[in-house]
Amino acid sequence: MSASTDSSLTAQEDQPQQIQLLASTDDDYDGVIVEINDLVMDSTTFLSILRPSISSWKQQGKKGVWIKLPIHLANLVETLIKEGFWYHHAEPKYLMLVHWIADSANTIPANATHRVGVGALVVNEKREVLVIQEKTGHFKGTGSWKFPTGVADQGEEIWETAVREVKEEAGVSNLFVVDSEFVEVLAFRQSHASFFEKSDLFFVCLLRPLSSDIKIQEVEIEAGKWMPFDEYAAQPFMEKYELLRQINDIYLAKINGHYSGFTPVSTKSNYSNQKNSYLYLNAGALKRSNSL
């Protein structure tokens, strides 16, 4: 079998009659990846190609089969399911199905298990916190003031998410907004079964404001203002949320010089298509250690 980047089909020529096979590329774990891009066929025709392809992969000792099915070929899902494939994950324009064809134990990794969230603690020189009241969400209508939070976009760094969320929740791009500068990750929390049974990583980030005026983004935000930290920390709802009280304690330790968080350091990555990534570390402690 030969792999092709120009077509979703290839041919096996060592038979009296050529047999069409699905073009594939090898992954790093003795599996194959099939990207079906330019095929338009009914399920019967597809099945006549799929079965000999699976047989060929088995003969080669392949283990896992990944088939990336574009949305315009959703009619082939039932055929794949009946042949032993199952859903792995879905994106707006494709569905990924997988099948373990080896006799050994299945080692196909699960779909992404975590969602990444960020909380932005923006504190100015007066020790005032940027706080908002939301029109939606858990704190809607409670009168509570909270710091901006949000979810990281695909391919977005933690520090980028924090800066973006402050801008999105405090204002919009064509009006005056609260620009901010990332300082460090103060702490992070892992929780489970929080969003469609997925786990959650929540990074608490400290930011420094570069502007003081606030323009409210009225779609999601009811109000926004600068609030003295002591007043923010003394809100009655804090008694219900141990996490928020712990974050307050961490911030106080930080400004009193007894705590250091993690700052992003650019580093080359050998494990993704992205050339550079960020390692979050306690830069101050590392510097002191290296100077000994």
# chains A, B, ... in the order shown; residues from 1 in each chain; ligands from 1
>>> residues_around(residues="Thr267 (chain A)", least_positions_apart="2", cutoff="7 Å", atoms="only C-alpha atoms", output="PyMOL selection string")
chain A and resi 265+269+276-279
>>> write_last_selection(atoms="all heavy atoms", output="compact mmCIF listing (two decimals), in the first residue's frame")
# COMPACT_ATOMS: atom_id res chain seq x y z
N VAL A 265 8.28 31.55 30.37
CA VAL A 265 9.58 31.66 29.70
C VAL A 265 9.47 30.91 28.38
O VAL A 265 9.12 29.73 28.34
CB VAL A 265 10.70 31.05 30.57
CG1 VAL A 265 12.02 31.08 29.81
CG2 VAL A 265 10.81 31.79 31.89
N SER A 269 9.80 23.76 21.51
CA SER A 269 9.06 22.53 21.75
C SER A 269 9.36 21.49 20.68
O SER A 269 9.38 21.80 19.48
CB SER A 269 7.55 22.81 21.77
OG SER A 269 6.82 21.61 21.89
N ASN A 276 7.56 27.37 19.25
CA ASN A 276 7.85 27.82 20.60
C ASN A 276 6.66 27.60 21.51
O ASN A 276 5.51 27.67 21.09
CB ASN A 276 8.24 29.30 20.62
CG ASN A 276 9.57 29.56 19.94
OD1 ASN A 276 10.56 28.89 20.21
ND2 ASN A 276 9.60 30.52 19.03
N SER A 277 6.94 27.31 22.75
CA SER A 277 5.91 27.22 23.78
C SER A 277 6.43 27.92 25.02
O SER A 277 7.53 28.49 25.00
CB SER A 277 5.58 25.75 24.06
OG SER A 277 6.73 25.07 24.54
N TYR A 278 5.66 27.88 26.09
CA TYR A 278 6.07 28.58 27.30
C TYR A 278 6.14 27.61 28.48
O TYR A 278 5.24 26.80 28.68
CB TYR A 278 5.08 29.71 27.63
CG TYR A 278 5.21 30.89 26.69
CD1 TYR A 278 4.49 30.94 25.50
CD2 TYR A 278 6.07 31.94 26.98
CE1 TYR A 278 4.62 32.00 24.64
CE2 TYR A 278 6.21 33.02 26.12
CZ TYR A 278 5.48 33.05 24.95
OH TYR A 278 5.62 34.11 24.09
N LEU A 279 7.23 27.74 29.21
CA LEU A 279 7.40 27.00 30.46
C LEU A 279 7.17 27.99 31.59
O LEU A 279 7.81 29.04 31.66
CB LEU A 279 8.82 26.43 30.54
CG LEU A 279 9.17 25.67 31.82
CD1 LEU A 279 8.35 24.38 31.92
CD2 LEU A 279 10.67 25.35 31.85
>>> residues_around(residues="His192 (chain A)", least_positions_apart="3", cutoff="12 Å", atoms="only C-alpha atoms", output="MDAnalysis selection string")
chainID A and resid 113:116 189 195:202
>>> write_last_selection(atoms="N, CA and C atoms", output="mmCIF file, in the first residue's frame")
data_model
loop_
_atom_site.group_PDB
_atom_site.id
_atom_site.type_symbol
_atom_site.label_atom_id
_atom_site.label_comp_id
_atom_site.auth_asym_id
_atom_site.auth_seq_id
_atom_site.Cartn_x
_atom_site.Cartn_y
_atom_site.Cartn_z
ATOM 1 N N THR A 113 -9.221 15.661 27.841
ATOM 2 C CA THR A 113 -9.937 15.438 29.102
ATOM 3 C C THR A 113 -10.205 16.714 29.880
ATOM 4 N N HIS A 114 -9.545 17.806 29.515
ATOM 5 C CA HIS A 114 -9.633 19.019 30.318
ATOM 6 C C HIS A 114 -10.031 20.240 29.483
ATOM 7 N N ARG A 115 -10.722 21.131 30.145
ATOM 8 C CA ARG A 115 -10.933 22.486 29.645
ATOM 9 C C ARG A 115 -10.030 23.411 30.457
ATOM 10 N N VAL A 116 -9.483 24.450 29.818
ATOM 11 C CA VAL A 116 -8.568 25.373 30.496
ATOM 12 C C VAL A 116 -9.260 26.712 30.707
ATOM 13 N N ARG A 189 -5.887 25.382 39.839
ATOM 14 C CA ARG A 189 -6.726 24.366 40.469
ATOM 15 C C ARG A 189 -7.228 23.383 39.415
ATOM 16 N N PHE A 195 -17.708 20.248 33.266
ATOM 17 C CA PHE A 195 -18.272 20.740 32.014
ATOM 18 C C PHE A 195 -18.474 19.563 31.083
ATOM 19 N N PHE A 196 -19.729 19.107 30.962
ATOM 20 C CA PHE A 196 -20.035 17.907 30.179
ATOM 21 C C PHE A 196 -19.120 16.755 30.576
ATOM 22 N N GLU A 197 -18.971 16.580 31.879
ATOM 23 C CA GLU A 197 -18.180 15.500 32.487
ATOM 24 C C GLU A 197 -16.678 15.634 32.245
ATOM 25 N N LYS A 198 -16.233 16.753 31.676
ATOM 26 C CA LYS A 198 -14.808 16.979 31.485
ATOM 27 C C LYS A 198 -14.197 17.591 32.742
ATOM 28 N N SER A 199 -12.891 17.406 32.889
ATOM 29 C CA SER A 199 -12.167 18.031 33.989
ATOM 30 C C SER A 199 -11.809 19.463 33.608
ATOM 31 N N ASP A 200 -11.374 20.222 34.604
ATOM 32 C CA ASP A 200 -11.127 21.644 34.397
ATOM 33 C C ASP A 200 -9.823 22.047 35.071
ATOM 34 N N LEU A 201 -8.994 22.789 34.341
ATOM 35 C CA LEU A 201 -7.801 23.418 34.900
ATOM 36 C C LEU A 201 -8.046 24.919 34.929
ATOM 37 N N PHE A 202 -7.970 25.515 36.112
ATOM 38 C CA PHE A 202 -8.264 26.939 36.284
ATOM 39 C C PHE A 202 -7.011 27.644 36.787
#
>>> select_by_dssp(residues="region 65-230 of chain A", states="helix (DSSP H, G or I)", output="list of chain:residue names")
A:Ile71, A:His72, A:Leu73, A:Ala74, A:Asn75, A:Leu76, A:Val77, A:Glu78, A:Thr79, A:Leu80, A:Ile81, A:Lys82, A:Ile158, A:Trp159, A:Glu160, A:Thr161, A:Ala162, A:Val163, A:Arg164, A:Glu165, A:Val166, A:Lys167, A:Glu168, A:Glu169, A:Ala170, A:Phe229, A:Asp230
>>> residues_around(residues="Leu207 (chain A)", least_positions_apart="3", cutoff="8 Å", atoms="only C-alpha atoms", output="VMD selection string")
chain A and resid 120 to 123 163 180 to 184
>>> write_last_selection(atoms="N, CA, C and O atoms", output="PDB file, in the first residue's frame")
ATOM      1  N   ALA A 120      -8.498  36.418  35.988  1.00  0.00           N
ATOM      2  CA  ALA A 120      -7.579  37.549  35.875  1.00  0.00           C
ATOM      3  C   ALA A 120      -7.739  38.474  37.078  1.00  0.00           C
ATOM      4  O   ALA A 120      -8.722  39.212  37.184  1.00  0.00           O
ATOM      5  N   LEU A 121      -6.771  38.436  37.962  1.00  0.00           N
ATOM      6  CA  LEU A 121      -6.749  39.320  39.125  1.00  0.00           C
ATOM      7  C   LEU A 121      -5.918  40.542  38.747  1.00  0.00           C
ATOM      8  O   LEU A 121      -4.684  40.496  38.749  1.00  0.00           O
ATOM      9  N   VAL A 122      -6.610  41.617  38.382  1.00  0.00           N
ATOM     10  CA  VAL A 122      -5.947  42.845  37.943  1.00  0.00           C
ATOM     11  C   VAL A 122      -5.950  43.825  39.105  1.00  0.00           C
ATOM     12  O   VAL A 122      -7.015  44.259  39.560  1.00  0.00           O
ATOM     13  N   VAL A 123      -4.756  44.185  39.590  1.00  0.00           N
ATOM     14  CA  VAL A 123      -4.642  45.046  40.775  1.00  0.00           C
ATOM     15  C   VAL A 123      -3.763  46.241  40.433  1.00  0.00           C
ATOM     16  O   VAL A 123      -2.659  46.075  39.902  1.00  0.00           O
ATOM     17  N   VAL A 163      -4.997  38.269  29.449  1.00  0.00           N
ATOM     18  CA  VAL A 163      -5.026  39.641  28.922  1.00  0.00           C
ATOM     19  C   VAL A 163      -6.264  39.853  28.060  1.00  0.00           C
ATOM     20  O   VAL A 163      -6.928  40.890  28.138  1.00  0.00           O
ATOM     21  N   SER A 180      -3.986  45.589  30.006  1.00  0.00           N
ATOM     22  CA  SER A 180      -3.276  45.048  31.156  1.00  0.00           C
ATOM     23  C   SER A 180      -2.001  44.344  30.715  1.00  0.00           C
ATOM     24  O   SER A 180      -1.834  43.991  29.548  1.00  0.00           O
ATOM     25  N   GLU A 181      -1.131  44.135  31.673  1.00  0.00           N
ATOM     26  CA  GLU A 181       0.127  43.456  31.450  1.00  0.00           C
ATOM     27  C   GLU A 181       0.193  42.237  32.360  1.00  0.00           C
ATOM     28  O   GLU A 181      -0.062  42.330  33.565  1.00  0.00           O
ATOM     29  N   PHE A 182       0.524  41.094  31.778  1.00  0.00           N
ATOM     30  CA  PHE A 182       0.597  39.859  32.547  1.00  0.00           C
ATOM     31  C   PHE A 182       1.792  39.907  33.491  1.00  0.00           C
ATOM     32  O   PHE A 182       2.892  40.297  33.098  1.00  0.00           O
ATOM     33  N   VAL A 183       1.568  39.476  34.743  1.00  0.00           N
ATOM     34  CA  VAL A 183       2.646  39.423  35.723  1.00  0.00           C
ATOM     35  C   VAL A 183       3.075  37.982  35.962  1.00  0.00           C
ATOM     36  O   VAL A 183       4.218  37.616  35.713  1.00  0.00           O
ATOM     37  N   GLU A 184       2.128  37.142  36.424  1.00  0.00           N
ATOM     38  CA  GLU A 184       2.478  35.752  36.696  1.00  0.00           C
ATOM     39  C   GLU A 184       1.223  34.927  36.978  1.00  0.00           C
ATOM     40  O   GLU A 184       0.144  35.466  37.228  1.00  0.00           O
TER      41      GLU A 184
END
>>> atom_distance(atom1="CA of Tyr280 (chain A)", atom2="CA of His258 (chain A)")
18.9 Å
>>> closest_residue(among="A:Thr25, A:Thr263, A:Ser144, A:Asn75", to="Met238 (chain A)", atoms="only C-alpha atoms")
A:Ser144
>>> select_by_dssp(residues="region 69-194 of chain A", states="strand (DSSP E or B)", output="ChimeraX atom specification")
/A:69-70,86-91,94-100,114-123,128-134,146,149-151,180-194
>>> atom_distance(atom1="CA of Leu210 (chain A)", atom2="CA of Arg164 (chain A)")
13.5 Å
>>> closest_residue(among="A:Trp226, A:Phe139, A:Tyr232, A:Phe46", to="Ile247 (chain A)", atoms="only C-alpha atoms")
A:Tyr232
>>> residues_around(residues="Asn106 (chain A)", least_positions_apart="5", cutoff="12 Å", atoms="only C-alpha atoms", output="ChimeraX atom specification")
/A:29,31,63-65,98-101
>>> write_last_selection(atoms="N, CA, C and O atoms", output="PDB file, in the first residue's frame")
ATOM      1  N   TYR A  29       2.870   5.565  16.508  1.00  0.00           N
ATOM      2  CA  TYR A  29       2.556   4.489  17.447  1.00  0.00           C
ATOM      3  C   TYR A  29       2.008   3.253  16.738  1.00  0.00           C
ATOM      4  O   TYR A  29       1.091   2.592  17.233  1.00  0.00           O
ATOM      5  N   GLY A  31       0.182   3.042  14.161  1.00  0.00           N
ATOM      6  CA  GLY A  31      -1.176   3.215  13.666  1.00  0.00           C
ATOM      7  C   GLY A  31      -1.175   3.956  12.344  1.00  0.00           C
ATOM      8  O   GLY A  31      -0.121   4.321  11.816  1.00  0.00           O
ATOM      9  N   LYS A  63      -1.982  -1.020  14.268  1.00  0.00           N
ATOM     10  CA  LYS A  63      -2.797  -1.222  15.471  1.00  0.00           C
ATOM     11  C   LYS A  63      -4.039  -0.323  15.491  1.00  0.00           C
ATOM     12  O   LYS A  63      -5.152  -0.808  15.446  1.00  0.00           O
ATOM     13  N   GLY A  64      -3.828   0.955  15.573  1.00  0.00           N
ATOM     14  CA  GLY A  64      -4.962   1.874  15.618  1.00  0.00           C
ATOM     15  C   GLY A  64      -5.204   2.541  14.286  1.00  0.00           C
ATOM     16  O   GLY A  64      -4.270   2.855  13.551  1.00  0.00           O
ATOM     17  N   VAL A  65      -6.473   2.754  13.943  1.00  0.00           N
ATOM     18  CA  VAL A  65      -6.845   3.441  12.710  1.00  0.00           C
ATOM     19  C   VAL A  65      -7.641   4.692  13.073  1.00  0.00           C
ATOM     20  O   VAL A  65      -8.643   4.611  13.793  1.00  0.00           O
ATOM     21  N   VAL A  98     -12.236   6.209  15.391  1.00  0.00           N
ATOM     22  CA  VAL A  98     -11.064   5.354  15.590  1.00  0.00           C
ATOM     23  C   VAL A  98     -11.488   3.893  15.693  1.00  0.00           C
ATOM     24  O   VAL A  98     -12.631   3.564  16.008  1.00  0.00           O
ATOM     25  N   HIS A  99     -10.506   3.014  15.444  1.00  0.00           N
ATOM     26  CA  HIS A  99     -10.752   1.575  15.518  1.00  0.00           C
ATOM     27  C   HIS A  99      -9.432   0.897  15.882  1.00  0.00           C
ATOM     28  O   HIS A  99      -8.386   1.200  15.293  1.00  0.00           O
ATOM     29  N   TRP A 100      -9.455   0.020  16.879  1.00  0.00           N
ATOM     30  CA  TRP A 100      -8.278  -0.744  17.269  1.00  0.00           C
ATOM     31  C   TRP A 100      -8.350  -2.095  16.576  1.00  0.00           C
ATOM     32  O   TRP A 100      -9.213  -2.911  16.865  1.00  0.00           O
ATOM     33  N   ILE A 101      -7.433  -2.349  15.636  1.00  0.00           N
ATOM     34  CA  ILE A 101      -7.539  -3.554  14.810  1.00  0.00           C
ATOM     35  C   ILE A 101      -6.532  -4.624  15.229  1.00  0.00           C
ATOM     36  O   ILE A 101      -6.539  -5.719  14.667  1.00  0.00           O
TER      37      ILE A 101
END
>>> closest_residue(among="A:Asp42, A:Gly61, A:Glu35, A:Ser55", to="Met96 (chain A)", atoms="only C-alpha atoms")
A:Glu35
>>> closest_residue(among="A:Met227, A:Leu281, A:Ile19, A:Ile49", to="Glu128 (chain A)", atoms="only C-alpha atoms")
A:Met227
>>> closest_residue(among="A:Thr136, A:Arg288, A:Gln20, A:Leu47", to="Val77 (chain A)", atoms="only C-alpha atoms")
A:Leu47
>>> atom_distance(atom1="CA of Arg51 (chain A)", atom2="CA of Thr107 (chain A)")
22.0 Å
>>> closest_residue(among="A:Ala253, A:Ala233, A:Ile132, A:Leu21", to="Gln217 (chain A)", atoms="only C-alpha atoms")
A:Ile132
